[in-house]
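Worksheet for the structure shown next.
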Amino acid sequence: MTLRYAKIANRTVADEYFAVTEKVESLYQQGKPLPADIIGPRMARLRREHHRLLGNGYCTRPPELDCAFEAICETCTFFQTSIEFRPTLQAQHDHAAEHDQTHRADLFTRLLNGLDQQAS
């Protein structure tokens, strides 16, 4: 069981979760369009330019393709990073190397090398 579902086992959290779920379901049953369903020019622009800021880069995954695995972004094809994240990537590389996590260290080495190639 993941931490996400384990939280629902807590009675207070479960009560809040199901109360919100009921409210959302009642909105859908009213038959009116929800604000998220109304796509105007500004919302269309936001969707085209969407990216999620991560600690060491950006997620360029379209909003329609939500992702529950945001802790392993570096291996995702939608992950992008830039030179501004070099200190964070270097710190992650150093941490992995210090803890003999060669697979992670190699991953961050590839990302750092990619930044060097972008800069030149």
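For the structure tokens, the naming scheme is as follows: chains receive sequential letters (A, B, ...) according to their order of presentation, residues are indexed from 1 within each chain, and ligands are indexed from 1 in presentation order.
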
- prompt: So which residues touch Ala119 of chain A within 12 Å, counting only C-alpha atoms, skipping near sequence neighbours fewer than 5 positions away, as a PyMOL selection string?
  reply: chain A and resi 82-84+86+112-114

message: I'd like the neighbourhood of Phe78 of chain A as JSON, numbers by chain, where a residue qualifies if any of its atoms comes within 8 Å (using only C-alpha atoms), though same-chain residues fewer than 5 positions away should be ignored.
response: {"A": [59, 60, 61, 73]}

- request: Extract, using only C-alpha atoms, all DNA, RNA and protein residues at most 8 Å from Asp94 of chain A, discarding same-chain residues fewer than 4 positions from it, and format them as a PyMOL selection string.
  value: chain A and resi 90+98+105

Could you take the residues named above and write them with N, CA and C atoms, as a compact mmCIF listing (two decimals), in the first residue's frame?
# COMPACT_ATOMS: atom_id res chain seq x y z
N GLN A 90 24.15 18.82 -9.64
CA GLN A 90 25.49 18.46 -9.14
C GLN A 90 25.40 17.95 -7.71
N GLU A 98 28.42 9.69 -3.09
CA GLU A 98 28.83 9.48 -1.70
C GLU A 98 28.18 8.25 -1.08
N ALA A 105 24.10 8.07 -9.77
CA ALA A 105 25.23 8.94 -10.09
C ALA A 105 25.43 9.01 -11.61
